[in-house]
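Each remark here refers to the structure printed beneath this line.
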Amino acid sequence: MGGGDGGGGDKMAVCIAVIAKENYPLYIRSVPTENELKFHYTVHTSLDVVDEKISAMGKALVDQRELYLGLLYPTEDYKVYGYVTNSKVKFVMVVDSSNTALRDNEIRSMFRKLHNSYTDIMCNPFYNPGDRIHSRAFDNTVNSMMMQVC
């Protein structure tokens, strides 16, 4: 209980995806699982917005090392956020729209945590970049950010 970064209140993502530079999924996880197909579609449609934002930022993105893309688009039920690494790997997070307490800097820190965990995977000599991610440590990081379904 308590301590750390907001306790239990920071479990609010309903879907987290890691997308390769070539736009195929390396990792995708959603809760509840019965909405999985819908979230796959949501993540897939967000990639166009990610590409638009990256090309709109262009050189500024490279100069400032600003990896957080912010809100990609809101739907009636969800908000979709994006983040891109220097190696053009994309992280997409879908959050429940009813969660109004969630601030931009909290989303940013969730992406940073995700990026750090992804970096740990890349440092593993047995991981081939471009392969699907199968890592218990990464799963744990993702689970810590997911909305808990009772």
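To be explicit about the labels: the chains of the structure tokens are called A, B, and onward in the order shown, and within each one the residues are counted from 1, while ligands get numbers from 1 in the order they are shown.
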Going by DSSP on the backbone, which residues of chain A come out as strand (DSSP E or B)? List them as a short mmCIF file (atom, residue, chain, number, x, y, z; two decimals) with N, CA, C and O atoms, in the first residue's frame.
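Final file, out36.cif:
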data_model
loop_
_atom_site.label_atom_id
_atom_site.label_comp_id
_atom_site.auth_asym_id
_atom_site.auth_seq_id
_atom_site.Cartn_x
_atom_site.Cartn_y
_atom_site.Cartn_z
N ALA A 13 -4.63 1.96 -18.00
CA ALA A 13 -4.61 1.65 -19.43
C ALA A 13 -5.49 0.43 -19.68
O ALA A 13 -5.53 -0.49 -18.88
N VAL A 14 -6.23 0.46 -20.79
CA VAL A 14 -7.02 -0.72 -21.15
C VAL A 14 -6.34 -1.51 -22.26
O VAL A 14 -6.65 -2.66 -22.49
N CYS A 15 -5.37 -0.86 -22.94
CA CYS A 15 -4.61 -1.56 -23.97
C CYS A 15 -3.25 -0.90 -24.11
O CYS A 15 -3.15 0.34 -24.13
N ILE A 16 -2.21 -1.72 -24.20
CA ILE A 16 -0.85 -1.22 -24.42
C ILE A 16 -0.25 -2.04 -25.56
O ILE A 16 -0.33 -3.26 -25.57
N ALA A 17 0.32 -1.33 -26.53
CA ALA A 17 0.91 -2.02 -27.69
C ALA A 17 2.29 -1.46 -27.99
O ALA A 17 2.55 -0.27 -27.81
N VAL A 18 3.16 -2.35 -28.45
CA VAL A 18 4.49 -1.96 -28.94
C VAL A 18 4.50 -2.32 -30.41
O VAL A 18 4.26 -3.47 -30.78
N ILE A 19 4.76 -1.34 -31.25
CA ILE A 19 4.69 -1.53 -32.70
C ILE A 19 6.08 -1.32 -33.30
O ILE A 19 6.73 -0.32 -33.03
N PRO A 25 2.86 -5.47 -34.96
CA PRO A 25 2.91 -5.49 -33.49
C PRO A 25 3.99 -6.41 -32.94
O PRO A 25 4.11 -7.55 -33.36
N LEU A 26 4.76 -5.88 -31.99
CA LEU A 26 5.75 -6.70 -31.27
C LEU A 26 5.11 -7.22 -29.98
O LEU A 26 5.51 -8.23 -29.44
N TYR A 27 4.13 -6.45 -29.50
CA TYR A 27 3.49 -6.80 -28.24
C TYR A 27 2.17 -6.06 -28.18
O TYR A 27 2.10 -4.88 -28.54
N ILE A 28 1.12 -6.74 -27.76
CA ILE A 28 -0.16 -6.06 -27.55
C ILE A 28 -0.90 -6.76 -26.43
O ILE A 28 -0.91 -8.00 -26.36
N ARG A 29 -1.43 -5.98 -25.53
CA ARG A 29 -2.11 -6.55 -24.36
C ARG A 29 -3.31 -5.67 -24.05
O ARG A 29 -3.19 -4.46 -24.02
N SER A 30 -4.46 -6.28 -23.81
CA SER A 30 -5.64 -5.49 -23.50
C SER A 30 -6.48 -6.13 -22.42
O SER A 30 -6.44 -7.34 -22.23
N TYR A 68 7.45 11.75 -26.66
CA TYR A 68 6.03 11.66 -26.31
C TYR A 68 5.20 12.42 -27.34
O TYR A 68 5.43 13.59 -27.60
N LEU A 69 4.24 11.73 -27.95
CA LEU A 69 3.43 12.35 -29.00
C LEU A 69 2.12 12.91 -28.47
O LEU A 69 1.39 13.59 -29.18
N GLY A 70 1.79 12.61 -27.23
CA GLY A 70 0.56 13.12 -26.63
C GLY A 70 -0.67 12.36 -27.09
O GLY A 70 -0.59 11.23 -27.57
N LEU A 71 -1.81 13.04 -26.97
CA LEU A 71 -3.08 12.44 -27.35
C LEU A 71 -3.13 12.32 -28.86
O LEU A 71 -3.01 13.31 -29.58
N LEU A 72 -3.28 11.09 -29.36
CA LEU A 72 -3.35 10.88 -30.81
C LEU A 72 -4.76 11.18 -31.29
O LEU A 72 -4.96 11.93 -32.22
N TYR A 73 -5.73 10.56 -30.62
CA TYR A 73 -7.13 10.90 -30.91
C TYR A 73 -8.04 10.35 -29.82
O TYR A 73 -7.75 9.30 -29.25
N PRO A 74 -9.13 11.07 -29.54
CA PRO A 74 -10.10 10.55 -28.58
C PRO A 74 -11.26 9.89 -29.31
O PRO A 74 -11.61 10.30 -30.41
N TYR A 78 -12.71 5.98 -25.37
CA TYR A 78 -11.28 5.87 -25.07
C TYR A 78 -10.47 7.07 -25.56
O TYR A 78 -10.90 7.80 -26.45
N LYS A 79 -9.28 7.20 -24.98
CA LYS A 79 -8.31 8.18 -25.47
C LYS A 79 -7.07 7.39 -25.86
O LYS A 79 -6.64 6.50 -25.12
N VAL A 80 -6.50 7.71 -27.00
CA VAL A 80 -5.35 6.97 -27.50
C VAL A 80 -4.12 7.89 -27.47
O VAL A 80 -4.14 8.97 -28.05
N TYR A 81 -3.07 7.43 -26.79
CA TYR A 81 -1.83 8.20 -26.64
C TYR A 81 -0.69 7.50 -27.36
O TYR A 81 -0.71 6.28 -27.49
N GLY A 82 0.30 8.27 -27.79
CA GLY A 82 1.41 7.69 -28.52
C GLY A 82 2.77 8.15 -28.03
O GLY A 82 2.90 9.20 -27.39
N TYR A 83 3.78 7.35 -28.34
CA TYR A 83 5.16 7.60 -27.94
C TYR A 83 6.02 6.90 -28.98
O TYR A 83 5.68 5.81 -29.43
N VAL A 84 7.10 7.53 -29.40
CA VAL A 84 7.97 6.89 -30.39
C VAL A 84 9.41 6.92 -29.89
O VAL A 84 9.85 7.92 -29.32
N LYS A 90 7.13 2.23 -31.89
CA LYS A 90 6.03 3.04 -31.35
C LYS A 90 5.36 2.33 -30.19
O LYS A 90 5.15 1.13 -30.24
N PHE A 91 5.02 3.11 -29.18
CA PHE A 91 4.21 2.61 -28.06
C PHE A 91 2.86 3.30 -28.17
O PHE A 91 2.80 4.52 -28.33
N VAL A 92 1.80 2.53 -28.09
CA VAL A 92 0.45 3.09 -28.13
C VAL A 92 -0.28 2.64 -26.87
O VAL A 92 -0.20 1.47 -26.49
N MET A 93 -0.93 3.60 -26.21
CA MET A 93 -1.65 3.29 -24.98
C MET A 93 -3.09 3.78 -25.12
O MET A 93 -3.32 4.92 -25.49
N VAL A 94 -4.03 2.88 -24.86
CA VAL A 94 -5.45 3.25 -24.91
C VAL A 94 -5.94 3.34 -23.47
O VAL A 94 -5.73 2.43 -22.67
N VAL A 95 -6.55 4.49 -23.15
CA VAL A 95 -7.00 4.76 -21.79
C VAL A 95 -8.51 5.00 -21.81
O VAL A 95 -9.04 5.58 -22.76
N ASP A 96 -9.18 4.56 -20.76
CA ASP A 96 -10.62 4.77 -20.65
C ASP A 96 -10.92 6.26 -20.51
O ASP A 96 -10.33 6.94 -19.69
N MET A 146 -2.04 -1.55 -16.29
CA MET A 146 -3.35 -1.93 -16.81
C MET A 146 -4.44 -1.71 -15.79
O MET A 146 -4.21 -1.84 -14.59
#
DSSP-assigned alpha helix (DSSP H) members of chain A, reported as a VMD selection string: chain A and resid 36 to 57 59 to 64 104 to 122 136 to 145
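The shortest atom-to-atom distance to Ala137 (chain A), with only C-alpha atoms taken into account, belongs to A:Asp120 out of A:Asp120, A:Glu22, A:Asp48, A:Glu106.
Going from CA of Lys88 (chain A) to CA of Lys53 (chain A) covers 12.6 Å.
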